[in-house]
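Below is my_file_36.txt, holding compact mmCIF, C-alpha atoms.
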```txt
# COMPACT_ATOMS: atom_id res chain seq x y z
CA MET A 116 9.35 -11.32 -19.38
CA ARG A 117 10.17 -14.86 -22.00
CA ARG A 118 9.47 -16.47 -22.42
CA SER A 119 11.13 -17.50 -19.40
CA LEU A 120 16.88 -24.85 -18.80
CA LEU A 121 14.58 -26.50 -21.17
CA THR A 122 15.21 -25.95 -24.78
CA PRO A 123 12.66 -23.33 -25.73
CA LEU A 124 10.59 -24.22 -28.75
CA ALA A 125 10.69 -21.52 -31.38
CA ALA A 126 7.52 -21.20 -33.40
CA THR A 127 7.39 -24.44 -35.32
CA ALA A 128 5.28 -25.22 -38.31
CA GLY A 129 3.01 -27.22 -36.03
CA SER A 130 2.49 -24.42 -33.54
CA LEU A 131 1.98 -21.92 -36.35
CA ALA A 132 -0.60 -24.17 -37.92
CA LEU A 133 -2.35 -24.46 -34.58
CA ALA A 134 -2.24 -20.72 -34.14
CA ALA A 135 -3.83 -20.23 -37.53
CA THR A 136 -6.50 -22.80 -36.73
CA LEU A 137 -7.33 -21.15 -33.41
CA SER A 138 -7.42 -17.69 -34.92
CA ALA A 139 -9.71 -18.90 -37.66
CA CYS A 140 -12.35 -20.24 -35.27
CA GLY A 141 -15.56 -18.40 -35.91
CA GLY A 142 -17.39 -16.34 -33.33
CA SER A 143 -20.30 -18.77 -33.43
CA SER A 144 -18.41 -21.33 -31.35
CA SER A 145 -19.21 -20.94 -27.67
CA ALA A 146 -17.50 -22.27 -24.58
CA ASP A 147 -20.60 -24.30 -23.78
CA SER A 148 -20.62 -26.06 -27.16
CA ARG A 149 -17.01 -27.16 -26.71
CA SER A 150 -17.02 -28.03 -23.02
CA ASP A 151 -17.29 -31.78 -23.55
CA GLU A 152 -14.37 -32.02 -25.98
CA LYS A 153 -11.39 -34.12 -24.87
CA VAL A 154 -8.94 -31.30 -25.41
CA VAL A 155 -7.22 -28.53 -23.46
CA THR A 156 -5.44 -25.56 -25.03
CA VAL A 157 -2.37 -24.05 -23.37
CA TYR A 158 -0.96 -20.62 -24.19
CA SER A 159 2.54 -20.44 -22.72
CA ALA A 160 5.76 -18.48 -22.58
CA ASP A 161 8.56 -20.44 -24.21
CA GLY A 162 11.14 -22.39 -22.28
CA LEU A 163 9.39 -25.48 -20.95
CA LYS A 164 8.93 -27.38 -24.22
CA GLY A 165 11.95 -29.17 -25.64
CA GLU A 166 13.21 -28.48 -29.13
CA LYS A 167 13.63 -32.22 -29.56
CA GLY A 168 10.55 -33.24 -27.62
CA ASP A 169 12.58 -33.75 -24.46
CA GLY A 170 11.28 -30.95 -22.29
CA TRP A 171 9.20 -30.84 -19.13
CA TYR A 172 6.07 -29.94 -21.04
CA ASP A 173 6.67 -32.82 -23.46
CA LYS A 174 6.80 -35.32 -20.60
CA VAL A 175 3.97 -33.82 -18.57
CA PHE A 176 1.63 -33.43 -21.53
CA LYS A 177 2.33 -36.99 -22.71
CA ASP A 178 1.66 -38.42 -19.25
CA PHE A 179 -1.45 -36.27 -18.85
CA GLU A 180 -2.86 -37.39 -22.18
CA ALA A 181 -2.18 -41.05 -21.32
CA LYS A 182 -3.88 -40.74 -17.94
CA THR A 183 -6.92 -38.67 -18.95
CA GLY A 184 -7.37 -39.11 -22.69
CA ILE A 185 -7.40 -35.31 -22.98
CA LYS A 186 -5.33 -33.97 -25.88
CA VAL A 187 -3.11 -30.96 -25.14
CA LYS A 188 -2.98 -28.28 -27.82
CA TYR A 189 -0.04 -25.98 -27.30
CA VAL A 190 0.71 -22.42 -28.46
CA GLU A 191 3.79 -20.52 -27.32
CA GLY A 192 5.38 -17.11 -27.61
CA GLY A 193 6.70 -14.32 -25.42
CA SER A 194 4.93 -13.74 -22.12
CA GLY A 195 3.54 -10.40 -23.23
CA GLU A 196 2.64 -11.80 -26.62
CA MET A 197 0.54 -14.56 -25.06
CA VAL A 198 -1.31 -12.10 -22.82
CA GLN A 199 -2.00 -9.78 -25.73
CA ARG A 200 -3.34 -12.66 -27.78
CA ALA A 201 -5.67 -13.71 -24.98
CA VAL A 202 -6.91 -10.12 -24.71
CA ARG A 203 -7.72 -10.04 -28.42
CA GLU A 204 -9.69 -13.27 -28.05
CA LYS A 205 -11.76 -12.28 -25.02
CA SER A 206 -14.96 -12.27 -27.04
CA ASN A 207 -14.18 -15.74 -28.41
CA THR A 208 -11.88 -17.41 -25.89
CA GLN A 209 -9.55 -20.06 -27.28
CA ALA A 210 -7.12 -20.80 -24.43
CA ASP A 211 -7.94 -22.82 -21.32
CA VAL A 212 -4.65 -22.41 -19.44
CA LEU A 213 -2.29 -19.44 -19.58
CA VAL A 214 1.35 -19.78 -18.44
CA THR A 215 3.54 -16.67 -18.32
CA LEU A 216 6.36 -15.13 -16.32
CA PRO A 217 5.83 -12.22 -13.92
CA PRO A 218 4.78 -9.46 -14.24
CA PHE A 219 2.67 -10.67 -17.15
CA ILE A 220 0.67 -13.16 -15.09
CA GLN A 221 -0.30 -10.26 -12.81
CA GLN A 222 -1.09 -8.21 -15.90
CA ALA A 223 -3.30 -11.01 -17.22
CA ASP A 224 -5.20 -11.03 -13.94
CA GLY A 225 -5.58 -7.26 -14.06
CA LYS A 226 -7.08 -7.50 -17.54
CA GLY A 227 -9.70 -9.98 -16.36
CA LEU A 228 -8.21 -12.90 -18.28
CA LEU A 229 -8.11 -15.36 -15.38
CA GLN A 230 -10.72 -17.06 -13.22
CA PRO A 231 -10.16 -18.37 -9.67
CA TYR A 232 -9.01 -21.96 -9.30
CA THR A 233 -6.66 -23.37 -6.69
CA PRO A 234 -4.98 -26.52 -8.04
CA VAL A 235 -4.41 -29.52 -5.82
CA GLY A 236 -0.92 -29.09 -4.35
CA ALA A 237 -0.96 -25.29 -4.49
CA ASP A 238 -0.89 -25.20 -0.69
CA LYS A 239 2.73 -26.37 -0.98
CA VAL A 240 3.68 -23.39 -3.18
CA PRO A 241 5.09 -20.34 -1.33
CA ASP A 242 2.66 -17.45 -0.89
CA ALA A 243 4.91 -15.13 -2.89
CA GLN A 244 4.54 -17.39 -5.90
CA LYS A 245 0.77 -17.67 -6.05
CA ASN A 246 -2.22 -15.35 -6.09
CA ALA A 247 -4.13 -14.99 -2.84
CA LYS A 248 -7.43 -15.21 -4.73
CA GLY A 249 -6.45 -18.34 -6.63
CA LYS A 250 -6.04 -16.66 -10.01
CA TRP A 251 -2.61 -18.17 -10.66
CA THR A 252 0.15 -20.26 -9.11
CA ALA A 253 3.74 -21.09 -10.02
CA VAL A 254 4.19 -24.51 -11.61
CA VAL A 255 7.95 -24.27 -12.22
CA ASN A 256 10.28 -22.04 -10.26
CA ASN A 257 13.05 -20.28 -12.12
CA TYR A 258 15.60 -17.47 -11.87
CA PHE A 259 16.63 -14.70 -14.19
CA GLY A 260 20.14 -14.84 -15.60
CA PHE A 261 22.45 -14.14 -18.50
CA ILE A 262 24.38 -16.46 -20.81
CA TYR A 263 27.79 -16.19 -22.45
CA ASN A 264 29.85 -18.14 -24.96
CA LYS A 265 32.33 -20.25 -22.97
CA LYS A 266 34.46 -20.96 -26.03
CA GLU A 267 35.03 -17.33 -27.03
CA LEU A 268 35.28 -15.91 -23.50
CA LYS A 269 37.71 -17.53 -21.06
CA GLN A 270 35.46 -16.53 -18.18
CA ALA A 271 32.06 -14.98 -17.75
CA PRO A 272 31.77 -11.21 -17.43
CA ARG A 273 31.32 -10.23 -13.79
CA THR A 274 29.56 -6.88 -13.92
CA TRP A 275 27.07 -4.87 -15.93
CA GLU A 276 29.81 -2.32 -16.51
CA GLU A 277 32.00 -4.83 -18.38
CA LEU A 278 29.30 -5.17 -21.02
CA LEU A 279 29.92 -1.57 -22.10
CA ASP A 280 33.36 -2.55 -23.41
CA GLY A 281 33.93 -2.50 -27.17
CA THR A 282 34.50 -6.26 -27.07
CA TYR A 283 30.74 -6.69 -27.00
CA LYS A 284 29.82 -4.31 -29.82
CA ASN A 285 27.26 -6.10 -31.98
CA LYS A 286 27.93 -9.22 -29.89
CA LEU A 287 25.32 -8.59 -27.22
CA GLN A 288 21.54 -8.84 -27.38
CA TYR A 289 18.63 -9.00 -24.97
CA SER A 290 14.97 -9.70 -25.65
CA THR A 291 12.48 -6.87 -25.81
CA PRO A 292 11.10 -5.51 -22.51
CA GLY A 293 7.32 -5.45 -22.50
CA VAL A 294 7.15 -8.29 -25.01
CA ALA A 295 9.34 -11.05 -23.57
CA GLY A 296 9.27 -11.96 -19.89
CA ASP A 297 13.04 -12.30 -19.70
CA GLY A 298 13.45 -9.02 -21.58
CA THR A 299 11.27 -7.28 -19.02
CA ALA A 300 13.43 -8.92 -16.36
CA VAL A 301 16.48 -7.07 -17.72
CA VAL A 302 14.80 -3.79 -16.80
CA ILE A 303 13.67 -5.11 -13.40
CA LYS A 304 17.15 -6.31 -12.45
CA ALA A 305 18.83 -3.15 -13.75
CA MET A 306 16.45 -1.00 -11.71
CA HIS A 307 17.27 -3.04 -8.61
CA ASP A 308 21.03 -3.20 -9.16
CA PHE A 309 21.48 0.47 -10.10
CA GLY A 310 19.11 1.74 -7.44
CA GLY A 311 16.17 3.04 -9.45
CA LYS A 312 14.57 3.69 -12.82
CA ASP A 313 16.60 6.72 -13.87
CA ALA A 314 19.99 5.15 -13.12
CA ALA A 315 18.96 1.92 -14.85
CA MET A 316 17.84 3.76 -17.98
CA GLU A 317 21.05 5.77 -18.04
CA TYR A 318 22.98 2.49 -18.07
CA LEU A 319 20.77 0.81 -20.69
CA LYS A 320 21.15 3.87 -22.91
CA LYS A 321 24.92 3.35 -22.84
CA LEU A 322 24.55 -0.39 -23.39
CA GLN A 323 22.55 0.25 -26.54
CA ALA A 324 25.80 1.04 -28.38
CA ASN A 325 26.66 -2.68 -28.17
CA ASN A 326 23.16 -4.11 -28.51
CA VAL A 327 22.33 -5.92 -31.76
CA GLY A 328 18.66 -5.01 -31.52
CA PRO A 329 15.23 -6.24 -30.42
CA SER A 330 14.15 -9.87 -30.14
CA ALA A 331 10.60 -10.92 -29.34
CA SER A 332 11.77 -14.32 -28.06
CA THR A 333 14.49 -14.91 -25.50
CA GLY A 334 14.76 -18.55 -26.53
CA LYS A 335 16.07 -17.61 -29.96
CA LEU A 336 19.14 -15.92 -28.47
CA ALA A 337 20.79 -19.01 -26.99
CA PRO A 338 21.63 -20.67 -30.35
CA LYS A 339 23.29 -17.41 -31.42
CA VAL A 340 25.40 -17.37 -28.28
CA ASP A 341 26.30 -21.04 -28.68
CA LYS A 342 27.48 -20.44 -32.26
CA GLY A 343 29.47 -17.34 -31.30
CA GLU A 344 27.28 -14.91 -33.24
CA LEU A 345 26.68 -13.30 -29.84
CA LEU A 346 28.98 -13.32 -26.83
CA VAL A 347 26.32 -12.41 -24.27
CA ALA A 348 22.54 -12.48 -24.07
CA ASN A 349 19.83 -12.57 -21.45
CA GLY A 350 17.89 -15.68 -20.50
CA ASP A 351 16.78 -17.60 -17.46
CA VAL A 352 18.31 -20.45 -15.54
CA GLN A 353 15.73 -23.12 -16.35
CA MET A 354 15.64 -22.49 -20.06
CA ASN A 355 19.36 -22.02 -20.56
CA TYR A 356 20.38 -24.96 -18.40
CA ALA A 357 18.21 -27.24 -20.51
CA GLN A 358 19.50 -25.71 -23.73
CA ALA A 359 23.06 -26.37 -22.63
CA LYS A 360 22.40 -30.10 -23.07
CA THR A 361 22.62 -29.55 -26.82
CA MET A 362 24.47 -26.23 -26.86
CA PRO A 363 27.82 -26.95 -25.18
CA ASN A 364 29.19 -23.42 -25.40
CA LEU A 365 26.50 -21.89 -23.19
CA GLY A 366 27.50 -20.65 -19.75
CA ILE A 367 25.14 -19.03 -17.22
CA TRP A 368 26.10 -16.01 -15.13
CA PHE A 369 24.54 -13.27 -12.99
CA PRO A 370 25.68 -9.64 -13.35
CA ALA A 371 26.76 -7.53 -10.40
CA THR A 372 27.35 -3.79 -10.22
CA GLY A 373 30.81 -2.50 -9.39
CA SER A 374 32.26 -4.47 -6.49
CA GLY A 375 28.85 -5.73 -5.38
CA LYS A 376 27.50 -9.27 -5.31
CA PRO A 377 25.81 -10.89 -8.28
CA THR A 378 22.03 -10.78 -7.98
CA THR A 379 18.99 -12.49 -9.39
CA PHE A 380 15.31 -12.93 -8.61
CA ALA A 381 12.72 -15.64 -8.93
CA LEU A 382 11.02 -15.66 -12.31
CA PRO A 383 8.58 -18.56 -12.07
CA TYR A 384 6.38 -19.96 -14.78
CA ALA A 385 2.97 -19.13 -13.35
CA ALA A 386 -0.21 -20.79 -14.61
CA GLY A 387 -3.83 -19.72 -14.40
CA LEU A 388 -7.21 -20.91 -15.63
CA VAL A 389 -8.48 -18.63 -18.39
CA ALA A 390 -11.79 -16.85 -17.80
CA LYS A 391 -14.57 -18.26 -19.98
CA ALA A 392 -12.25 -21.09 -20.99
CA PRO A 393 -13.92 -23.38 -23.55
CA HIS A 394 -12.72 -26.46 -21.62
CA THR A 395 -12.67 -25.28 -18.01
CA THR A 396 -12.86 -28.75 -16.44
CA ASN A 397 -9.98 -30.01 -18.58
CA GLY A 398 -7.96 -26.93 -17.72
CA LYS A 399 -8.42 -27.61 -14.02
CA LYS A 400 -7.29 -31.20 -14.50
CA LEU A 401 -4.11 -30.10 -16.28
CA LEU A 402 -3.28 -27.55 -13.59
CA ASP A 403 -3.75 -30.25 -10.94
CA PHE A 404 -1.52 -32.61 -12.91
CA MET A 405 1.33 -30.10 -13.29
CA LEU A 406 1.49 -29.75 -9.50
CA THR A 407 1.50 -33.48 -8.72
CA GLU A 408 4.56 -34.76 -6.88
CA GLN A 409 5.56 -36.80 -9.91
CA ALA A 410 5.46 -33.84 -12.29
CA GLN A 411 7.26 -31.63 -9.78
CA GLN A 412 10.04 -34.19 -9.33
CA GLN A 413 10.56 -34.04 -13.09
CA VAL A 414 11.02 -30.27 -13.14
CA SER A 415 14.75 -30.53 -12.46
CA ALA A 416 15.42 -34.04 -13.76
CA ILE A 417 13.84 -33.33 -17.16
CA GLY A 418 13.24 -29.60 -17.33
CA GLY A 419 16.33 -28.26 -15.62
CA GLY A 420 14.24 -26.00 -13.41
CA PHE A 421 13.24 -25.76 -9.79
CA ALA A 422 10.14 -27.41 -8.31
CA ALA A 423 7.40 -24.96 -7.40
CA ARG A 424 6.32 -27.12 -4.44
CA THR A 425 8.52 -26.71 -1.38
CA ASP A 426 7.83 -30.26 -0.18
CA VAL A 427 9.40 -31.76 -3.32
CA LYS A 428 13.11 -32.16 -2.66
CA ALA A 429 14.80 -33.17 -5.90
CA THR A 430 18.13 -35.00 -5.55
CA ASP A 431 18.92 -35.66 -9.21
CA ALA A 432 22.13 -34.47 -10.85
CA ASN A 433 20.45 -31.44 -12.38
CA ALA A 434 19.09 -30.32 -9.01
CA THR A 435 22.59 -30.54 -7.51
CA ALA A 436 24.14 -28.61 -10.40
CA LEU A 437 21.47 -25.93 -10.23
CA ALA A 438 22.02 -25.43 -6.51
CA GLN A 439 25.73 -24.96 -7.15
CA LEU A 440 25.06 -22.56 -10.00
CA THR A 441 23.09 -20.16 -7.81
CA GLN A 442 25.36 -20.47 -4.77
CA GLY A 443 26.63 -17.08 -3.61
CA VAL A 444 24.09 -15.19 -5.71
CA GLU A 445 21.90 -12.74 -3.80
CA VAL A 446 18.21 -13.32 -4.48
CA PHE A 447 15.94 -10.29 -4.15
CA GLU A 448 12.15 -10.13 -4.34
CA PRO A 449 10.73 -7.57 -6.78
CA ASN A 450 7.63 -5.58 -5.90
CA TRP A 451 5.42 -7.26 -8.47
CA ILE A 452 2.40 -5.12 -7.63
CA ASP A 453 4.40 -1.98 -8.39
CA ILE A 454 5.92 -3.51 -11.53
CA SER A 455 2.60 -4.74 -12.85
CA THR A 456 0.98 -1.36 -12.23
CA ASN A 457 3.82 0.71 -13.66
CA LEU A 458 5.07 -1.64 -16.38
CA PRO A 459 3.90 0.61 -19.25
CA THR A 460 5.80 3.52 -17.67
CA TYR A 461 8.97 1.45 -17.30
CA VAL A 462 8.74 0.14 -20.84
CA ASP A 463 8.19 3.66 -22.18
CA ALA A 464 11.23 4.84 -20.23
CA TRP A 465 13.27 2.03 -21.75
CA LYS A 466 12.06 2.91 -25.26
CA SER A 467 12.94 6.54 -24.70
CA ALA A 468 16.40 5.70 -23.37
CA THR A 469 17.31 3.19 -26.06
CA GLY A 470 15.28 4.33 -29.05
CA GLY A 471 13.55 0.95 -28.88
```
Spit out the file's structure as structure tokens when you get a sec.
Amino acid sequence: MRRSLLTPLAATAGSLALAATLSACGGSSSADSRSDEKVVTVYSADGLKGEKGDGWYDKVFKDFEAKTGIKVKYVEGGSGEMVQRAVREKSNTQADVLVTLPPFIQQADGKGLLQPYTPVGADKVPDAQKNAKGKWTAVVNNYFGFIYNKKELKQAPRTWEELLDGTYKNKLQYSTPGVAGDGTAVVIKAMHDFGGKDAAMEYLKKLQANNVGPSASTGKLAPKVDKGELLVANGDVQMNYAQAKTMPNLGIWFPATGSGKPTTFALPYAAGLVAKAPHTTNGKKLLDFMLTEQAQQQVSAIGGGFAARTDVKATDANATALAQLTQGVEVFEPNWIDISTNLPTYVDAWKSATGG
């Protein structure tokens, strides 16, 4: 549920090389033998690292390395993909910090992937965006949304129903539910807007006639929309707002149903300390650093997102624009416990409805 205004970093040669290196680590390496290394490994949903090295992660990691001397190793993918990878590595843990979108952070906790740690500054994060037992906390707030090509479309679509029009045949795509955080968010929002699972699946079955097909990464859809290969795709406000700096044809919008109001919901990047992390102390230091006032001030100014800490009041141009963008949009709060518990059922229902 994407993965997830920062230009998302598609899998680069560097990240692939790192992935191969991490996967190749032998089972003989133990957390204890690596605990004194000056390194911390982050597994994260895409969206916070800039394609040109200009993202929030780029700035925060650089500052963290300069302050602590601890090198950040970074691996990214879809939210579900990162959780699945961590599950596969439970007997030989590679990651120290895991960052995913809901409901995958709850899923990670349920699978025993996270250990309790409350970062400094977490007391300023709303209760709804952190785990009561300290297993995870939001580090960047965000909202689910859609994007459209402003050059090809004179105005954004207003409703879900408009997307069924033939205009969007083979010009619409959304990332895969159950794999990408933002793709899972499509199902969550549809269930809310249409009043339940069955009605949402009935709609998504109809929408499939226009859908190009699956995509494991939400971040890869924005360039297609910008170029006009797609007219509409799913995304999230933080990621797409940041992408728009270099993709001028991107516009952000929030679907409504019928004559109703447009809706969205918070989809924060939530971070947790991985259980049996090889560099637990370094992981704690990075989590603390991401919630410092300085890093939180940079969330909007650099990352195009929303600060997770409520006491950080950003006044930069991006913060002002983001506030205007979400004005008049109804924000609802999903039942994350229900979604985390029943996610396999919802994904199966989506597969059945769409042939996915």
Need the shell around Trp251 (chain A): protein/DNA/RNA residues with any atom at most 8 Å away, counting only C-alpha atoms. Skip same-chain ones fewer than 5 positions apart. Format as a PyMOL selection string?
chain A and resi 220+229+231-233+245-246+385-388
Contact residues around Asp351 (chain A) with only C-alpha atoms at 8 Å, ignoring same-chain residues under 3 positions, as an MDAnalysis selection string:
chainID A and resid 119:120 257:261 297 354:355 382
For Ala359 (chain A), which residue among A:Pro338, A:Gly293, A:Pro383, A:Gly225 is the nearest when counting all atoms listed in the file?
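Closest candidate: A:Pro338.
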Among the residues A:Val389, A:Leu437, A:Ala305, A:Leu401, the one that comes closest to Gln230 (chain A) [using all atoms listed in the file]:
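Among A:Val389, A:Leu437, A:Ala305, A:Leu401, it is A:Val389 that comes nearest to Gln230 (chain A).
Among the candidates A:Ala423, A:Ile417, A:Val155, A:Ala464, the one nearest to Gly168 (chain A) when counting all atoms listed in the file is A:Ile417.
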Which residues come within 7 Å of region 424-427 of chain A, counting only C-alpha atoms, excluding same-chain residues fewer than 3 positions away, as an mmCIF file with C-alpha atoms, in the frame of the given file?
```cif
data_model
loop_
_atom_site.group_PDB
_atom_site.id
_atom_site.type_symbol
_atom_site.label_atom_id
_atom_site.label_comp_id
_atom_site.auth_asym_id
_atom_site.auth_seq_id
_atom_site.Cartn_x
_atom_site.Cartn_y
_atom_site.Cartn_z
ATOM 1 C CA LYS A 239 2.730 -26.370 -0.980
ATOM 2 C CA VAL A 240 3.680 -23.390 -3.180
ATOM 3 C CA GLU A 408 4.560 -34.760 -6.880
ATOM 4 C CA GLN A 411 7.260 -31.630 -9.780
ATOM 5 C CA GLN A 412 10.040 -34.190 -9.330
#
```
Please provide as a list in words all residues within 9 Å of Asn349 (chain A), with the sequence filter that same-chain residues fewer than 4 positions apart are discarded (counting all atoms listed in the file).
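Surrounding residues, per the criterion: Phe259, Gly260, Phe261, Ile262, Tyr263, Leu287, Gln288, Tyr289, Ser290, Asp297, Gly298, Ala300, Val301, Thr333, Leu336 and Ala337 of chain A.
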Using all atoms listed in the file and a cutoff of 12 Å, can you tell me which residues are near (31.1, -8.0, -16.4) in the file's coordinates, and write them out as a list in words?
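Looking at atoms near the point gives Phe261, Ile262, Tyr263, Leu268, Gln270, Ala271, Pro272, Arg273, Thr274, Trp275, Glu276, Glu277, Leu278, Leu279, Asp280, Thr282, Tyr283, Leu346, Val347, Trp368, Phe369, Pro370, Ala371, Thr372, Gly373, Ser374, Gly375, Lys376 and Pro377 of chain A.
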Requested write-out: C-alpha atoms of the selected residues, as a compact mmCIF listing (two decimals), keeping the file's coordinate frame:
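Dumped everything to selection-v3.txt:
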```txt
# COMPACT_ATOMS: atom_id res chain seq x y z
CA PHE A 261 22.45 -14.14 -18.50
CA ILE A 262 24.38 -16.46 -20.81
CA TYR A 263 27.79 -16.19 -22.45
CA LEU A 268 35.28 -15.91 -23.50
CA GLN A 270 35.46 -16.53 -18.18
CA ALA A 271 32.06 -14.98 -17.75
CA PRO A 272 31.77 -11.21 -17.43
CA ARG A 273 31.32 -10.23 -13.79
CA THR A 274 29.56 -6.88 -13.92
CA TRP A 275 27.07 -4.87 -15.93
CA GLU A 276 29.81 -2.32 -16.51
CA GLU A 277 32.00 -4.83 -18.38
CA LEU A 278 29.30 -5.17 -21.02
CA LEU A 279 29.92 -1.57 -22.10
CA ASP A 280 33.36 -2.55 -23.41
CA THR A 282 34.50 -6.26 -27.07
CA TYR A 283 30.74 -6.69 -27.00
CA LEU A 346 28.98 -13.32 -26.83
CA VAL A 347 26.32 -12.41 -24.27
CA TRP A 368 26.10 -16.01 -15.13
CA PHE A 369 24.54 -13.27 -12.99
CA PRO A 370 25.68 -9.64 -13.35
CA ALA A 371 26.76 -7.53 -10.40
CA THR A 372 27.35 -3.79 -10.22
CA GLY A 373 30.81 -2.50 -9.39
CA SER A 374 32.26 -4.47 -6.49
CA GLY A 375 28.85 -5.73 -5.38
CA LYS A 376 27.50 -9.27 -5.31
CA PRO A 377 25.81 -10.89 -8.28
```
Looking at all atoms listed in the file, which of A:Thr378, A:Thr252, A:Gln358, A:Gln221 is the one that sits closest to Thr441 (chain A)?
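Closest candidate: A:Thr378.
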In Å, rounded to a single decimal, give me how far CA of Val214 (chain A) is from CA of Pro234 (chain A).
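Between CA of Pro234 (chain A) and CA of Val214 (chain A) the gap works out to 13.9 Å.
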Pick from A:Gly398, A:Gly350, A:Gly334, A:Pro217: nearest to Ile452 (chain A), with all atoms listed in the file counted?
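Closest to Ile452 (chain A), using all atoms listed in the file: A:Pro217.
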Which residue gives the smallest distance to Phe380 (chain A) among A:Val446, A:Ala331, A:Val414, A:Ala422, with all atoms listed in the file counted?
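Residue with the minimum atom-to-atom distance to Phe380 (chain A): A:Val446.
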Can you work out the spacing between CA of Gly227 (chain A) and CA of Thr456 (chain A) in Å, to one decimal?
14.3 Å
Please write as a PyMOL selection string the list of polymer residues whose atoms come within 12 Å of (19.1, -29.5, -6.4), counting only C-alpha atoms and keeping to the coordinates of the file.
chain A and resi 412-416+419-422+427-442
